[in-house]
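target.txt (compact mmCIF, N, CA and C atoms) appears below.
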```
# COMPACT_ATOMS: atom_id res chain seq x y z
N MET A 1 0.84 -1.18 0.00
CA MET A 1 0.00 0.00 0.00
C MET A 1 0.88 1.25 0.00
N ASP A 2 0.49 2.26 -0.74
CA ASP A 2 1.24 3.50 -0.85
C ASP A 2 1.28 4.22 0.49
N ALA A 3 2.48 4.56 0.97
CA ALA A 3 2.65 5.17 2.28
C ALA A 3 2.38 6.67 2.26
N LYS A 4 1.91 7.22 1.15
CA LYS A 4 1.70 8.66 1.05
C LYS A 4 0.39 9.13 1.69
N LEU A 5 -0.56 8.25 1.87
CA LEU A 5 -1.87 8.62 2.39
C LEU A 5 -1.78 9.01 3.86
N ARG A 6 -2.51 10.09 4.22
CA ARG A 6 -2.58 10.53 5.62
C ARG A 6 -4.01 10.44 6.10
N ALA A 7 -4.18 10.02 7.35
CA ALA A 7 -5.51 9.89 7.93
C ALA A 7 -5.54 10.52 9.32
N LEU A 8 -6.72 11.06 9.65
CA LEU A 8 -6.99 11.54 11.00
C LEU A 8 -8.06 10.64 11.57
N VAL A 9 -7.82 10.07 12.74
CA VAL A 9 -8.80 9.24 13.43
C VAL A 9 -9.32 10.03 14.62
N VAL A 10 -10.65 10.21 14.66
CA VAL A 10 -11.28 10.99 15.73
C VAL A 10 -12.26 10.08 16.45
N ASP A 11 -11.94 9.78 17.71
CA ASP A 11 -12.80 8.89 18.49
C ASP A 11 -12.53 9.09 19.98
N PRO A 12 -13.58 9.24 20.79
CA PRO A 12 -13.37 9.40 22.23
C PRO A 12 -13.03 8.08 22.93
N ASP A 13 -13.31 6.96 22.27
CA ASP A 13 -13.05 5.64 22.84
C ASP A 13 -11.59 5.26 22.58
N GLU A 14 -10.80 5.21 23.63
CA GLU A 14 -9.36 4.96 23.50
C GLU A 14 -9.06 3.64 22.79
N HIS A 15 -9.82 2.60 23.11
CA HIS A 15 -9.59 1.30 22.48
C HIS A 15 -9.84 1.37 20.97
N ALA A 16 -10.96 1.96 20.58
CA ALA A 16 -11.29 2.08 19.15
C ALA A 16 -10.26 2.95 18.43
N LEU A 17 -9.84 4.02 19.08
CA LEU A 17 -8.84 4.93 18.51
C LEU A 17 -7.54 4.18 18.22
N ARG A 18 -7.07 3.44 19.21
CA ARG A 18 -5.81 2.70 19.05
C ARG A 18 -5.94 1.57 18.02
N GLU A 19 -7.08 0.87 18.05
CA GLU A 19 -7.30 -0.23 17.11
C GLU A 19 -7.26 0.27 15.66
N LEU A 20 -8.00 1.33 15.38
CA LEU A 20 -8.04 1.84 14.01
C LEU A 20 -6.70 2.44 13.61
N ALA A 21 -6.05 3.16 14.51
CA ALA A 21 -4.73 3.72 14.20
C ALA A 21 -3.73 2.60 13.89
N TYR A 22 -3.80 1.52 14.64
CA TYR A 22 -2.90 0.38 14.41
C TYR A 22 -3.15 -0.24 13.03
N LEU A 23 -4.42 -0.47 12.70
CA LEU A 23 -4.75 -1.07 11.40
C LEU A 23 -4.29 -0.17 10.25
N LEU A 24 -4.55 1.12 10.36
CA LEU A 24 -4.13 2.05 9.31
C LEU A 24 -2.60 2.07 9.18
N ASP A 25 -1.92 2.12 10.31
CA ASP A 25 -0.46 2.12 10.31
C ASP A 25 0.08 0.85 9.65
N SER A 26 -0.56 -0.28 9.90
CA SER A 26 -0.11 -1.54 9.31
C SER A 26 -0.27 -1.53 7.78
N LEU A 27 -1.12 -0.64 7.27
CA LEU A 27 -1.31 -0.50 5.82
C LEU A 27 -0.42 0.59 5.23
N GLY A 28 0.44 1.18 6.06
CA GLY A 28 1.36 2.20 5.57
C GLY A 28 0.77 3.60 5.55
N VAL A 29 -0.34 3.80 6.22
CA VAL A 29 -0.98 5.12 6.27
C VAL A 29 -0.40 5.90 7.44
N ARG A 30 -0.07 7.17 7.18
CA ARG A 30 0.39 8.04 8.27
C ARG A 30 -0.84 8.49 9.05
N VAL A 31 -0.83 8.28 10.37
CA VAL A 31 -2.02 8.48 11.19
C VAL A 31 -1.80 9.57 12.24
N GLU A 32 -2.80 10.44 12.35
CA GLU A 32 -2.89 11.40 13.45
C GLU A 32 -4.17 11.05 14.20
N VAL A 33 -4.23 11.39 15.49
CA VAL A 33 -5.41 11.06 16.28
C VAL A 33 -5.93 12.28 17.04
N ALA A 34 -7.23 12.24 17.31
CA ALA A 34 -7.88 13.26 18.14
C ALA A 34 -9.02 12.56 18.88
N ARG A 35 -9.32 13.03 20.06
CA ARG A 35 -10.37 12.41 20.87
C ARG A 35 -11.65 13.23 20.94
N ARG A 36 -11.58 14.48 20.54
CA ARG A 36 -12.73 15.38 20.63
C ARG A 36 -12.85 16.20 19.34
N LEU A 37 -14.03 16.74 19.11
CA LEU A 37 -14.27 17.59 17.95
C LEU A 37 -13.35 18.81 17.97
N THR A 38 -13.20 19.43 19.13
CA THR A 38 -12.35 20.62 19.23
C THR A 38 -10.89 20.30 18.91
N GLU A 39 -10.43 19.15 19.34
CA GLU A 39 -9.05 18.73 19.06
C GLU A 39 -8.88 18.46 17.56
N ALA A 40 -9.85 17.79 16.95
CA ALA A 40 -9.79 17.51 15.51
C ALA A 40 -9.83 18.81 14.72
N SER A 41 -10.69 19.72 15.12
CA SER A 41 -10.81 21.01 14.45
C SER A 41 -9.49 21.77 14.51
N ALA A 42 -8.85 21.75 15.66
CA ALA A 42 -7.56 22.43 15.82
C ALA A 42 -6.51 21.81 14.88
N ARG A 43 -6.49 20.49 14.78
CA ARG A 43 -5.53 19.82 13.88
C ARG A 43 -5.80 20.21 12.43
N LEU A 44 -7.08 20.24 12.05
CA LEU A 44 -7.44 20.56 10.68
C LEU A 44 -7.17 22.02 10.32
N SER A 45 -7.24 22.91 11.29
CA SER A 45 -7.00 24.32 11.02
C SER A 45 -5.52 24.63 10.79
N GLN A 46 -4.66 23.68 11.06
CA GLN A 46 -3.23 23.86 10.85
C GLN A 46 -2.85 23.74 9.37
N GLY A 47 -3.83 23.47 8.51
CA GLY A 47 -3.55 23.33 7.08
C GLY A 47 -3.15 21.91 6.75
N ASP A 48 -2.94 21.65 5.47
CA ASP A 48 -2.54 20.34 4.98
C ASP A 48 -3.46 19.24 5.52
N PRO A 49 -4.75 19.27 5.13
CA PRO A 49 -5.71 18.29 5.65
C PRO A 49 -5.38 16.88 5.20
N PRO A 50 -5.77 15.89 5.99
CA PRO A 50 -5.53 14.50 5.60
C PRO A 50 -6.42 14.09 4.44
N ALA A 51 -6.07 12.99 3.79
CA ALA A 51 -6.88 12.46 2.68
C ALA A 51 -8.20 11.91 3.18
N VAL A 52 -8.19 11.36 4.39
CA VAL A 52 -9.39 10.73 4.94
C VAL A 52 -9.45 10.98 6.45
N VAL A 53 -10.67 11.16 6.94
CA VAL A 53 -10.90 11.29 8.37
C VAL A 53 -11.86 10.18 8.77
N PHE A 54 -11.41 9.33 9.68
CA PHE A 54 -12.27 8.32 10.29
C PHE A 54 -12.81 8.95 11.57
N CYS A 55 -14.10 9.23 11.62
CA CYS A 55 -14.66 9.96 12.74
C CYS A 55 -15.81 9.19 13.38
N SER A 56 -15.78 9.07 14.67
CA SER A 56 -16.86 8.43 15.40
C SER A 56 -18.17 9.18 15.13
N ALA A 57 -19.26 8.44 15.02
CA ALA A 57 -20.56 9.07 14.77
C ALA A 57 -20.89 10.08 15.86
N MET A 58 -20.53 9.78 17.09
CA MET A 58 -20.80 10.69 18.20
C MET A 58 -19.52 10.97 18.97
N LEU A 59 -19.30 12.24 19.23
CA LEU A 59 -18.15 12.67 20.02
C LEU A 59 -18.69 13.35 21.27
N GLU A 60 -17.85 13.52 22.27
CA GLU A 60 -18.29 14.16 23.51
C GLU A 60 -18.75 15.60 23.29
N ASP A 61 -18.18 16.25 22.30
CA ASP A 61 -18.49 17.66 22.07
C ASP A 61 -19.08 17.92 20.68
N GLY A 62 -19.72 16.91 20.09
CA GLY A 62 -20.35 17.10 18.79
C GLY A 62 -20.42 15.80 18.03
N ASP A 63 -20.48 15.90 16.70
CA ASP A 63 -20.49 14.70 15.87
C ASP A 63 -19.76 14.99 14.56
N TRP A 64 -19.69 13.97 13.72
CA TRP A 64 -18.92 14.07 12.49
C TRP A 64 -19.48 15.14 11.55
N CYS A 65 -20.81 15.37 11.58
CA CYS A 65 -21.41 16.39 10.71
C CYS A 65 -20.88 17.78 11.08
N GLU A 66 -20.73 18.01 12.37
CA GLU A 66 -20.18 19.30 12.82
C GLU A 66 -18.74 19.46 12.34
N LEU A 67 -18.00 18.38 12.31
CA LEU A 67 -16.63 18.44 11.80
C LEU A 67 -16.63 18.88 10.34
N CYS A 68 -17.56 18.36 9.55
CA CYS A 68 -17.66 18.76 8.13
C CYS A 68 -18.10 20.21 8.00
N ARG A 69 -18.93 20.67 8.89
CA ARG A 69 -19.34 22.09 8.85
C ARG A 69 -18.15 23.00 9.18
N LEU A 70 -17.30 22.54 10.09
CA LEU A 70 -16.12 23.33 10.45
C LEU A 70 -15.06 23.31 9.35
N ALA A 71 -15.01 22.22 8.60
CA ALA A 71 -14.02 22.06 7.53
C ALA A 71 -14.73 21.51 6.30
N PRO A 72 -15.38 22.37 5.50
CA PRO A 72 -16.15 21.91 4.35
C PRO A 72 -15.36 21.08 3.34
N SER A 73 -14.05 21.23 3.31
CA SER A 73 -13.25 20.44 2.37
C SER A 73 -13.27 18.95 2.71
N LEU A 74 -13.77 18.60 3.90
CA LEU A 74 -13.81 17.20 4.30
C LEU A 74 -14.98 16.43 3.71
N VAL A 75 -15.98 17.13 3.19
CA VAL A 75 -17.12 16.43 2.62
C VAL A 75 -16.61 15.47 1.55
N GLY A 76 -17.00 14.21 1.66
CA GLY A 76 -16.51 13.18 0.76
C GLY A 76 -15.21 12.54 1.20
N HIS A 77 -14.66 13.01 2.32
CA HIS A 77 -13.40 12.47 2.82
C HIS A 77 -13.55 11.91 4.24
N VAL A 78 -14.80 11.80 4.71
CA VAL A 78 -15.05 11.31 6.07
C VAL A 78 -15.64 9.91 6.01
N VAL A 79 -15.08 9.04 6.83
CA VAL A 79 -15.63 7.71 7.05
C VAL A 79 -16.19 7.71 8.46
N VAL A 80 -17.49 7.53 8.59
CA VAL A 80 -18.14 7.53 9.90
C VAL A 80 -17.97 6.15 10.52
N THR A 81 -17.54 6.13 11.78
CA THR A 81 -17.38 4.87 12.50
C THR A 81 -18.38 4.83 13.65
N THR A 82 -18.84 3.63 13.96
CA THR A 82 -19.84 3.49 15.03
C THR A 82 -19.74 2.12 15.66
N ARG A 83 -20.17 2.04 16.90
CA ARG A 83 -20.25 0.73 17.54
C ARG A 83 -21.68 0.22 17.52
N LEU A 84 -22.64 1.09 17.17
CA LEU A 84 -24.05 0.72 17.11
C LEU A 84 -24.62 1.11 15.75
N PRO A 85 -24.36 0.29 14.72
CA PRO A 85 -24.82 0.65 13.38
C PRO A 85 -26.35 0.61 13.26
N SER A 86 -26.87 1.53 12.46
CA SER A 86 -28.30 1.51 12.16
C SER A 86 -28.49 2.00 10.73
N MET A 87 -29.53 1.53 10.08
CA MET A 87 -29.81 1.94 8.71
C MET A 87 -30.10 3.43 8.66
N ARG A 88 -30.82 3.93 9.64
CA ARG A 88 -31.15 5.37 9.67
C ARG A 88 -29.88 6.22 9.71
N GLU A 89 -28.95 5.86 10.57
CA GLU A 89 -27.70 6.62 10.67
C GLU A 89 -26.83 6.45 9.43
N TYR A 90 -26.85 5.25 8.85
CA TYR A 90 -26.12 5.03 7.61
C TYR A 90 -26.64 5.95 6.51
N LEU A 91 -27.96 6.00 6.35
CA LEU A 91 -28.55 6.85 5.32
C LEU A 91 -28.27 8.33 5.59
N ARG A 92 -28.33 8.72 6.85
CA ARG A 92 -28.01 10.10 7.20
C ARG A 92 -26.56 10.43 6.82
N ALA A 93 -25.65 9.51 7.15
CA ALA A 93 -24.24 9.73 6.83
C ALA A 93 -24.04 9.90 5.32
N MET A 94 -24.66 9.04 4.54
CA MET A 94 -24.51 9.13 3.09
C MET A 94 -25.14 10.42 2.56
N ASP A 95 -26.31 10.79 3.09
CA ASP A 95 -26.98 12.03 2.66
C ASP A 95 -26.19 13.28 3.03
N GLU A 96 -25.48 13.23 4.14
CA GLU A 96 -24.73 14.40 4.63
C GLU A 96 -23.33 14.50 4.03
N GLY A 97 -22.94 13.54 3.19
CA GLY A 97 -21.66 13.66 2.50
C GLY A 97 -20.54 12.77 2.98
N ALA A 98 -20.84 11.79 3.84
CA ALA A 98 -19.79 10.86 4.25
C ALA A 98 -19.40 9.98 3.08
N ARG A 99 -18.18 9.54 3.08
CA ARG A 99 -17.69 8.64 2.02
C ARG A 99 -18.06 7.19 2.31
N ASP A 100 -18.10 6.85 3.60
CA ASP A 100 -18.39 5.48 3.99
C ASP A 100 -18.87 5.48 5.45
N TYR A 101 -19.37 4.33 5.88
CA TYR A 101 -19.92 4.16 7.23
C TYR A 101 -19.57 2.74 7.66
N ILE A 102 -18.78 2.61 8.72
CA ILE A 102 -18.34 1.27 9.14
C ILE A 102 -18.58 1.06 10.62
N ALA A 103 -18.78 -0.20 10.98
CA ALA A 103 -19.05 -0.56 12.37
C ALA A 103 -17.82 -1.22 13.02
N ARG A 104 -17.73 -1.03 14.32
CA ARG A 104 -16.71 -1.73 15.10
C ARG A 104 -17.27 -3.09 15.49
N PRO A 105 -16.45 -4.08 15.69
CA PRO A 105 -14.98 -4.04 15.57
C PRO A 105 -14.56 -3.93 14.11
N PHE A 106 -13.46 -3.24 13.91
CA PHE A 106 -12.97 -2.99 12.56
C PHE A 106 -12.30 -4.23 11.99
N ALA A 107 -12.51 -4.46 10.72
CA ALA A 107 -11.87 -5.57 10.02
C ALA A 107 -10.78 -4.99 9.12
N LEU A 108 -9.61 -5.59 9.17
CA LEU A 108 -8.49 -5.11 8.36
C LEU A 108 -8.87 -5.04 6.89
N ARG A 109 -9.58 -6.03 6.41
CA ARG A 109 -9.97 -6.06 4.99
C ARG A 109 -10.84 -4.86 4.62
N GLU A 110 -11.74 -4.48 5.51
CA GLU A 110 -12.61 -3.34 5.23
C GLU A 110 -11.82 -2.04 5.25
N ILE A 111 -10.92 -1.91 6.20
CA ILE A 111 -10.08 -0.71 6.27
C ILE A 111 -9.19 -0.64 5.03
N GLU A 112 -8.66 -1.77 4.62
CA GLU A 112 -7.82 -1.80 3.41
C GLU A 112 -8.63 -1.38 2.18
N ARG A 113 -9.88 -1.83 2.07
CA ARG A 113 -10.75 -1.44 0.96
C ARG A 113 -10.92 0.08 0.92
N ILE A 114 -11.15 0.67 2.07
CA ILE A 114 -11.36 2.11 2.16
C ILE A 114 -10.08 2.86 1.78
N VAL A 115 -8.96 2.42 2.32
CA VAL A 115 -7.68 3.07 2.01
C VAL A 115 -7.40 2.98 0.51
N ARG A 116 -7.65 1.83 -0.07
CA ARG A 116 -7.43 1.68 -1.52
C ARG A 116 -8.33 2.60 -2.32
N SER A 117 -9.56 2.77 -1.87
CA SER A 117 -10.48 3.64 -2.62
C SER A 117 -9.99 5.09 -2.59
N PHE A 118 -9.44 5.52 -1.47
CA PHE A 118 -8.90 6.88 -1.41
C PHE A 118 -7.63 7.00 -2.24
N ALA A 119 -6.78 5.99 -2.17
CA ALA A 119 -5.54 6.02 -2.95
C ALA A 119 -5.83 6.00 -4.45
N SER A 120 -6.77 5.18 -4.88
CA SER A 120 -7.07 5.09 -6.31
C SER A 120 -7.86 6.28 -6.84
N SER A 121 -8.53 7.00 -5.94
CA SER A 121 -9.29 8.17 -6.39
C SER A 121 -8.42 9.40 -6.54
N GLY A 122 -7.14 9.24 -6.23
CA GLY A 122 -6.23 10.37 -6.36
C GLY A 122 -6.30 11.32 -5.19
N ALA A 123 -6.85 10.87 -4.06
CA ALA A 123 -6.94 11.72 -2.88
C ALA A 123 -5.56 12.13 -2.40
N GLY A 124 -4.57 11.29 -2.70
CA GLY A 124 -3.20 11.64 -2.36
C GLY A 124 -3.02 11.86 -0.89
N SER A 125 -2.27 12.86 -0.52
CA SER A 125 -1.95 13.08 0.89
C SER A 125 -2.90 14.04 1.57
N GLN A 126 -3.86 14.60 0.83
CA GLN A 126 -4.73 15.55 1.51
C GLN A 126 -6.09 15.69 0.82
N ALA A 127 -7.04 16.20 1.59
CA ALA A 127 -8.35 16.50 1.03
C ALA A 127 -8.24 17.72 0.14
N ARG A 128 -9.18 17.86 -0.77
CA ARG A 128 -9.16 19.04 -1.64
C ARG A 128 -9.42 20.30 -0.84
N ALA A 129 -8.85 21.39 -1.25
CA ALA A 129 -9.07 22.67 -0.57
C ALA A 129 -10.51 23.10 -0.78
N ALA A 130 -11.02 23.80 0.23
CA ALA A 130 -12.42 24.25 0.17
C ALA A 130 -12.60 25.33 -0.88
```

Before we go any further, please render this structure as structure tokens.
Amino acid sequence: MDAKLRALVVDPDEHALRELAYLLDSLGVRVEVARRLTEASARLSQGDPPAVVFCSAMLEDGDWCELCRLAPSLVGHVVVTTRLPSMREYLRAMDEGARDYIARPFALREIERIVRSFASSGAGSQARAA
């Protein structure tokens, strides 16, 4: 897998955060992490946005939709993660501009599929500028 891809993982659950970061790292993806919406927003405001953001459906201080409102260039670059999948939330995620919606526990094969889709779409090392 091409080591040029960068990802931001946003999740308040330490176990999920570490698990996903480990899987992405094993695929050669450069990983940054954040536990809250405010922390993710601060990272994104530093410029050079990642190609993909894996964001928990619910955060302590907001949700993934708020992250997209704060950084409109992320629309189409967010993968919503959840431990309680539902069709309603899946449809909402797709309608609101998420690229994908996945449930925990994470499967390496599924993460690899997502990483490949970003790499093959030319997402490169960052999301498009707003």

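Atom pair atom C of Ser120 of chain A / atom CA of Gly28 of chain A: separated by 16.0 Å.
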
_What parts of segment 29-124 of chain A does DSSP call alpha helix (DSSP H)? I'd like the answer as a ChimeraX atom specification._
/A:37-44,64-70,87-95,108-120

Output file for the residues above (N, CA and C atoms, as a tab-separated table (two decimals), keeping the file's coordinate frame):
```tsv
chain	number	residue	atom	x	y	z
A	37	LEU	N	-14.03	16.74	19.11
A	37	LEU	CA	-14.27	17.59	17.95
A	37	LEU	C	-13.35	18.81	17.97
A	38	THR	N	-13.20	19.43	19.13
A	38	THR	CA	-12.35	20.62	19.23
A	38	THR	C	-10.89	20.30	18.91
A	39	GLU	N	-10.43	19.15	19.34
A	39	GLU	CA	-9.05	18.73	19.06
A	39	GLU	C	-8.88	18.46	17.56
A	40	ALA	N	-9.85	17.79	16.95
A	40	ALA	CA	-9.79	17.51	15.51
A	40	ALA	C	-9.83	18.81	14.72
A	41	SER	N	-10.69	19.72	15.12
A	41	SER	CA	-10.81	21.01	14.45
A	41	SER	C	-9.49	21.77	14.51
A	42	ALA	N	-8.85	21.75	15.66
A	42	ALA	CA	-7.56	22.43	15.82
A	42	ALA	C	-6.51	21.81	14.88
A	43	ARG	N	-6.49	20.49	14.78
A	43	ARG	CA	-5.53	19.82	13.88
A	43	ARG	C	-5.80	20.21	12.43
A	44	LEU	N	-7.08	20.24	12.05
A	44	LEU	CA	-7.44	20.56	10.68
A	44	LEU	C	-7.17	22.02	10.32
A	64	TRP	N	-19.69	13.97	13.72
A	64	TRP	CA	-18.92	14.07	12.49
A	64	TRP	C	-19.48	15.14	11.55
A	65	CYS	N	-20.81	15.37	11.58
A	65	CYS	CA	-21.41	16.39	10.71
A	65	CYS	C	-20.88	17.78	11.08
A	66	GLU	N	-20.73	18.01	12.37
A	66	GLU	CA	-20.18	19.30	12.82
A	66	GLU	C	-18.74	19.46	12.34
A	67	LEU	N	-18.00	18.38	12.31
A	67	LEU	CA	-16.63	18.44	11.80
A	67	LEU	C	-16.63	18.88	10.34
A	68	CYS	N	-17.56	18.36	9.55
A	68	CYS	CA	-17.66	18.76	8.13
A	68	CYS	C	-18.10	20.21	8.00
A	69	ARG	N	-18.93	20.67	8.89
A	69	ARG	CA	-19.34	22.09	8.85
A	69	ARG	C	-18.15	23.00	9.18
A	70	LEU	N	-17.30	22.54	10.09
A	70	LEU	CA	-16.12	23.33	10.45
A	70	LEU	C	-15.06	23.31	9.35
A	87	MET	N	-29.53	1.53	10.08
A	87	MET	CA	-29.81	1.94	8.71
A	87	MET	C	-30.10	3.43	8.66
A	88	ARG	N	-30.82	3.93	9.64
A	88	ARG	CA	-31.15	5.37	9.67
A	88	ARG	C	-29.88	6.22	9.71
A	89	GLU	N	-28.95	5.86	10.57
A	89	GLU	CA	-27.70	6.62	10.67
A	89	GLU	C	-26.83	6.45	9.43
A	90	TYR	N	-26.85	5.25	8.85
A	90	TYR	CA	-26.12	5.03	7.61
A	90	TYR	C	-26.64	5.95	6.51
A	91	LEU	N	-27.96	6.00	6.35
A	91	LEU	CA	-28.55	6.85	5.32
A	91	LEU	C	-28.27	8.33	5.59
A	92	ARG	N	-28.33	8.72	6.85
A	92	ARG	CA	-28.01	10.10	7.20
A	92	ARG	C	-26.56	10.43	6.82
A	93	ALA	N	-25.65	9.51	7.15
A	93	ALA	CA	-24.24	9.73	6.83
A	93	ALA	C	-24.04	9.90	5.32
A	94	MET	N	-24.66	9.04	4.54
A	94	MET	CA	-24.51	9.13	3.09
A	94	MET	C	-25.14	10.42	2.56
A	95	ASP	N	-26.31	10.79	3.09
A	95	ASP	CA	-26.98	12.03	2.66
A	95	ASP	C	-26.19	13.28	3.03
A	108	LEU	N	-9.61	-5.59	9.17
A	108	LEU	CA	-8.49	-5.11	8.36
A	108	LEU	C	-8.87	-5.04	6.89
A	109	ARG	N	-9.58	-6.03	6.41
A	109	ARG	CA	-9.97	-6.06	4.99
A	109	ARG	C	-10.84	-4.86	4.62
A	110	GLU	N	-11.74	-4.48	5.51
A	110	GLU	CA	-12.61	-3.34	5.23
A	110	GLU	C	-11.82	-2.04	5.25
A	111	ILE	N	-10.92	-1.91	6.20
A	111	ILE	CA	-10.08	-0.71	6.27
A	111	ILE	C	-9.19	-0.64	5.03
A	112	GLU	N	-8.66	-1.77	4.62
A	112	GLU	CA	-7.82	-1.80	3.41
A	112	GLU	C	-8.63	-1.38	2.18
A	113	ARG	N	-9.88	-1.83	2.07
A	113	ARG	CA	-10.75	-1.44	0.96
A	113	ARG	C	-10.92	0.08	0.92
A	114	ILE	N	-11.15	0.67	2.07
A	114	ILE	CA	-11.36	2.11	2.16
A	114	ILE	C	-10.08	2.86	1.78
A	115	VAL	N	-8.96	2.42	2.32
A	115	VAL	CA	-7.68	3.07	2.01
A	115	VAL	C	-7.40	2.98	0.51
A	116	ARG	N	-7.65	1.83	-0.07
A	116	ARG	CA	-7.43	1.68	-1.52
A	116	ARG	C	-8.33	2.60	-2.32
A	117	SER	N	-9.56	2.77	-1.87
A	117	SER	CA	-10.48	3.64	-2.62
A	117	SER	C	-9.99	5.09	-2.59
A	118	PHE	N	-9.44	5.52	-1.47
A	118	PHE	CA	-8.90	6.88	-1.41
A	118	PHE	C	-7.63	7.00	-2.24
A	119	ALA	N	-6.78	5.99	-2.17
A	119	ALA	CA	-5.54	6.02	-2.95
A	119	ALA	C	-5.83	6.00	-4.45
A	120	SER	N	-6.77	5.18	-4.88
A	120	SER	CA	-7.07	5.09	-6.31
A	120	SER	C	-7.86	6.28	-6.84
```

*Could you tell me how far atom N of Tyr22 of chain A lies from atom CA of Glu96 of chain A, in Å and to one decimal?*
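Separation of atom N of Tyr22 of chain A and atom CA of Glu96 of chain A: 26.5 Å.
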
*Can you tell me how far atom CA of Arg99 of chain A sits from atom CA of Arg43 of chain A, in Å to one decimal?*
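Spanning atom CA of Arg99 of chain A to atom CA of Arg43 of chain A is a straight-line distance of 20.3 Å.
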
*Who sits within 8 Å of Leu84 of chain A, all atoms listed in the file, same chain under 2 positions skipped, as a PyMOL selection string*: chain A and resi 81-82+86-87+102-104

Residues from the last selection, N, CA and C atoms, saved as a PDB file, keeping the file's coordinate frame:
```pdb
ATOM      1  N   THR A  81     -17.540   6.130  11.780  1.00  0.00           N
ATOM      2  CA  THR A  81     -17.380   4.870  12.500  1.00  0.00           C
ATOM      3  C   THR A  81     -18.380   4.830  13.650  1.00  0.00           C
ATOM      4  N   THR A  82     -18.840   3.630  13.960  1.00  0.00           N
ATOM      5  CA  THR A  82     -19.840   3.490  15.030  1.00  0.00           C
ATOM      6  C   THR A  82     -19.740   2.120  15.660  1.00  0.00           C
ATOM      7  N   SER A  86     -26.870   1.530  12.460  1.00  0.00           N
ATOM      8  CA  SER A  86     -28.300   1.510  12.160  1.00  0.00           C
ATOM      9  C   SER A  86     -28.490   2.000  10.730  1.00  0.00           C
ATOM     10  N   MET A  87     -29.530   1.530  10.080  1.00  0.00           N
ATOM     11  CA  MET A  87     -29.810   1.940   8.710  1.00  0.00           C
ATOM     12  C   MET A  87     -30.100   3.430   8.660  1.00  0.00           C
ATOM     13  N   ILE A 102     -18.780   2.610   8.720  1.00  0.00           N
ATOM     14  CA  ILE A 102     -18.340   1.270   9.140  1.00  0.00           C
ATOM     15  C   ILE A 102     -18.580   1.060  10.620  1.00  0.00           C
ATOM     16  N   ALA A 103     -18.780  -0.200  10.980  1.00  0.00           N
ATOM     17  CA  ALA A 103     -19.050  -0.560  12.370  1.00  0.00           C
ATOM     18  C   ALA A 103     -17.820  -1.220  13.020  1.00  0.00           C
ATOM     19  N   ARG A 104     -17.730  -1.030  14.320  1.00  0.00           N
ATOM     20  CA  ARG A 104     -16.710  -1.730  15.100  1.00  0.00           C
ATOM     21  C   ARG A 104     -17.270  -3.090  15.490  1.00  0.00           C
TER      22      ARG A 104
END
```

*Using all atoms listed in the file, determine which residues lie at most 8 Å from Ser41 of chain A, disregarding the query and same-chain residues fewer than 6 positions distant; provide the list as number ranges by chain.*
A: 34, 67, 70-71

*What's the 8 Å shell around Glu89 of chain A, counting all atoms listed in the file, without same-chain residues fewer than 5 positions away, as a count of residues only?*
3

*Write out as a PyMOL selection string each polymer residue whose atoms come within 7 Å of Gly62 of chain A, counting all atoms listed in the file; drop sequence neighbours fewer than 5 positions from it.*
chain A and resi 36-37+57+67

*Pull the strand (DSSP E) assignments for chain A out of DSSP run on the backbone, and list those residues as an NGL selection string.*
:A and (6-10 or 30-34 or 52-56 or 58-59 or 62-63 or 78-82 or 100-103)

*For Pro49 of chain A, which residue among A:Val78, A:Asp61, A:Pro12, A:Ser26 is the nearest when counting only C-alpha atoms?*
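Ranking A:Val78, A:Asp61, A:Pro12, A:Ser26 by distance to Pro49 of chain A, first place goes to A:Val78.
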
*asked:* Using all atoms listed in the file - which residues lie no farther than 6.5 Å from the point (-15.9, 13.9, 16.6) in the file's frame? Write them as an MDAnalysis selection string.
replied: chainID A and resid 10:11 35:37 55:60 62:64

Would you save the residues from that selection as a tab-separated table (two decimals), in the coordinates of the input, using N, CA and C atoms?
```tsv
chain	number	residue	atom	x	y	z
A	10	VAL	N	-10.65	10.21	14.66
A	10	VAL	CA	-11.28	10.99	15.73
A	10	VAL	C	-12.26	10.08	16.45
A	11	ASP	N	-11.94	9.78	17.71
A	11	ASP	CA	-12.80	8.89	18.49
A	11	ASP	C	-12.53	9.09	19.98
A	35	ARG	N	-9.32	13.03	20.06
A	35	ARG	CA	-10.37	12.41	20.87
A	35	ARG	C	-11.65	13.23	20.94
A	36	ARG	N	-11.58	14.48	20.54
A	36	ARG	CA	-12.73	15.38	20.63
A	36	ARG	C	-12.85	16.20	19.34
A	37	LEU	N	-14.03	16.74	19.11
A	37	LEU	CA	-14.27	17.59	17.95
A	37	LEU	C	-13.35	18.81	17.97
A	55	CYS	N	-14.10	9.23	11.62
A	55	CYS	CA	-14.66	9.96	12.74
A	55	CYS	C	-15.81	9.19	13.38
A	56	SER	N	-15.78	9.07	14.67
A	56	SER	CA	-16.86	8.43	15.40
A	56	SER	C	-18.17	9.18	15.13
A	57	ALA	N	-19.26	8.44	15.02
A	57	ALA	CA	-20.56	9.07	14.77
A	57	ALA	C	-20.89	10.08	15.86
A	58	MET	N	-20.53	9.78	17.09
A	58	MET	CA	-20.80	10.69	18.20
A	58	MET	C	-19.52	10.97	18.97
A	59	LEU	N	-19.30	12.24	19.23
A	59	LEU	CA	-18.15	12.67	20.02
A	59	LEU	C	-18.69	13.35	21.27
A	60	GLU	N	-17.85	13.52	22.27
A	60	GLU	CA	-18.29	14.16	23.51
A	60	GLU	C	-18.75	15.60	23.29
A	62	GLY	N	-19.72	16.91	20.09
A	62	GLY	CA	-20.35	17.10	18.79
A	62	GLY	C	-20.42	15.80	18.03
A	63	ASP	N	-20.48	15.90	16.70
A	63	ASP	CA	-20.49	14.70	15.87
A	63	ASP	C	-19.76	14.99	14.56
A	64	TRP	N	-19.69	13.97	13.72
A	64	TRP	CA	-18.92	14.07	12.49
A	64	TRP	C	-19.48	15.14	11.55
```

*asked:* Taking only N, CA and C atoms into account, name the residue in A:Arg83, A:Glu66, A:Leu44, A:Glu32 that is nearest to Pro105 of chain A.
replied: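 When distances to Pro105 of chain A are compared using only N, CA and C atoms, the smallest one comes from A:Arg83.
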